[in-house]
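Engineer: Let me give you the structure first, and then I'll get to my questions.
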Amino acid sequence: MDNEIDVKAMDIKNYMQTVGKQAREASRAIARADTNQKNRALLAIAAAIRRDAAKLLEANARDMDHARASGLDAALLDRLQIDEKAVAGMAEGLEQIAALPDPVGEITDLKYRPSGIQVGKMRVPLGVIGIIYEARPNVTADAAGLCLKSGNAAILRGGSEALHSNQAVAACVREGLAAAGLPATVVQVIETTDRAAVGELITMKDYVDVIVPRGGKGLIERITGEARVPVIKHLHGNCHVYVDDRADQAKAVKIVENAKTQRYGTCNTAESLLVARSVAMAVLPEIGRMLAGKGVEMRGCVESLAILKVAGIAEDKLRAAVAADWHEEYLGPIIAVKIVADLDAAIAHINANGSQHTDAIVTEDYGRARRFLREVDSASVVVNASTRFADGFEYGLGAEIGISTDKIHARGPVGLEGLTSQKWIVLGDGHVRG
């Protein structure tokens, strides 16, 4: 293809500058594309992914073999591995994005002013979005789809551990773009694993409008510290489940089980369990036995450990919590457990120790649920459901480009609307200001 870049023939800086220039040019083409054209591309990408499922799984198996041989930790291996269900989920996510309303060009708040002009807002693409991520081959499809539908060009830089998987997905993306008559440079997947490419990407102010990092805390801290363009990010996910003294006990056990044990390596997995003191003797033993049965270590306060020991939980599953445990994102079979006095104490603990990602309450008291929703300062606040629902796919966004715990521009799962901005528009008919 004419626009393909020979990485080896260029140094990293020149390579990334070329990618940036191509992305900027492509951003103008995709911003002009109508909804039907963008949807044709999305559906063609989804069809190619379904057709090439075996190729994607084969590529992922190569990445998994290399990752295991390299000694990658369990959390990263979990995020790297895909199966037939995950491949189908990529395609379904793209099909959902195609079915969603196109936010680009939407005009809102149009009002007449006393001068006779009309003033309103139009939703527009951000321009060029750089996404930097570790493992998670599904991000290649999700990010491509969301950027495409929202009228943005994308530069995707996946981790070296997922190189083969990402390139296999990228081939499907290029095929879908071509089928819709869109430039291949609308979505570019960086072809070098050199870390210097990241340093260039996050400082290319002339070509990149926003950076979205997805990965471990170390990666995100580096990006946030070194970036010269705006960053949409969250540092980590210390998500809480609070079992209120007016909780349904069966619901509490079920929710904690799912929030903690469905998957360990995700940012919306519960890492802390808070239990109201007046019901701790009744509900904590059952929760503790469930967690222990699934191999989860409980790092508890003095009160919770006393209750769990009396309940017969094996000593090897119990450990005294230290101060750092109240802030920790374990990404593994460990959970911090604390007895709190009441709702006030739970909210105070979450706001002081949480990561402003996702926090849940289990309660049958409507008033307490409303207070929790109002007063917990997190991007997603959940009543009587698992924290694992904090996800763009589950929220009906089709997919997500990431989770934001920032309070400006985008918060929570970032979907189509989060990848757009608004500009003021003025409509007149020869009006001049007096």
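Ordering of the structure tokens sets the chain letters (A, B, ...), residue numbers begin anew at 1 in every chain, and ligands are numbered from 1 in the order given.
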What's the 12 Å shell around Asp63 (chain A), counting only C-alpha atoms, without same-chain residues fewer than 2 positions away, as a PyMOL selection string?

Structural biologist: chain A and resi 56-61+65-70+72+76-77+79-82+135-137+159-168

Engineer: If we count only C-alpha atoms and set the cut-off at 9 Å, which residues sit around Gln188 (chain A), ignoring sequence neighbours fewer than 4 positions away in its own chain? Please answer as number ranges by chain.

Structural biologist: A: 19, 22-23, 144, 153-157, 170, 174, 184

Engineer: Next, write the just-selected residues to a file, as a short mmCIF file (atom, residue, chain, number, x, y, z; two decimals), in the first residue's frame, keeping C-alpha atoms as the atom set.

Structural biologist:
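What follows is the written file again-v5.cif:
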```cif
data_model
loop_
_atom_site.label_atom_id
_atom_site.label_comp_id
_atom_site.auth_asym_id
_atom_site.auth_seq_id
_atom_site.Cartn_x
_atom_site.Cartn_y
_atom_site.Cartn_z
CA VAL A 19 2.37 8.83 11.37
CA GLN A 22 -0.93 11.14 8.09
CA ALA A 23 -3.28 11.07 11.08
CA ALA A 144 -10.65 1.92 16.26
CA ALA A 153 -8.35 9.63 13.45
CA ALA A 154 -6.56 7.20 15.78
CA ILE A 155 -2.95 6.30 16.45
CA LEU A 156 -2.83 3.03 18.39
CA ARG A 157 0.29 1.94 20.23
CA ALA A 170 -5.33 -4.05 12.50
CA ARG A 174 -7.70 -1.68 7.27
CA ALA A 184 -6.26 3.45 5.80
#
```

Engineer: With distances taken over only C-alpha atoms, which residue among A:Ser355, A:Gly428, A:Ala47, A:Glu400 lies nearest Ala179 (chain A)?

Structural biologist: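 Closest candidate: A:Ala47.
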
Engineer: Which one of A:Lys294, A:Arg388, A:His240, A:Arg277 sits closest to Ala336 (chain A) if you count only C-alpha atoms?

Structural biologist: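 Looking at the shortest contact to Ala336 (chain A), the residue is A:His240.
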
Engineer: Taking 4 positions as the minimum chain separation for residues in the same chain, which residues sit within 7 Å of Val208 (chain A) when counting only C-alpha atoms? Answer as a list in words.

Structural biologist: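 The neighbour list is Gly20, Val128, Ile129, Gly130 and Met204 of chain A.
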
Engineer: Output C-alpha atoms of each residue in that selection to a file, as a short mmCIF file (atom, residue, chain, number, x, y, z; two decimals), in the first residue's frame.

Structural biologist:
```cif
data_model
loop_
_atom_site.label_atom_id
_atom_site.label_comp_id
_atom_site.auth_asym_id
_atom_site.auth_seq_id
_atom_site.Cartn_x
_atom_site.Cartn_y
_atom_site.Cartn_z
CA GLY A 20 1.25 12.09 12.97
CA VAL A 128 -6.45 12.88 16.41
CA ILE A 129 -6.50 10.55 19.40
CA GLY A 130 -3.45 8.59 20.53
CA MET A 204 3.42 15.67 19.21
#
```

Engineer: For CA of Met90 (chain A) and CA of Gly215 (chain A), determine how far apart the two atoms are, in Å to one decimal place.

Structural biologist: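 About the pair CA of Met90 (chain A) and CA of Gly215 (chain A): they are 18.6 Å apart.
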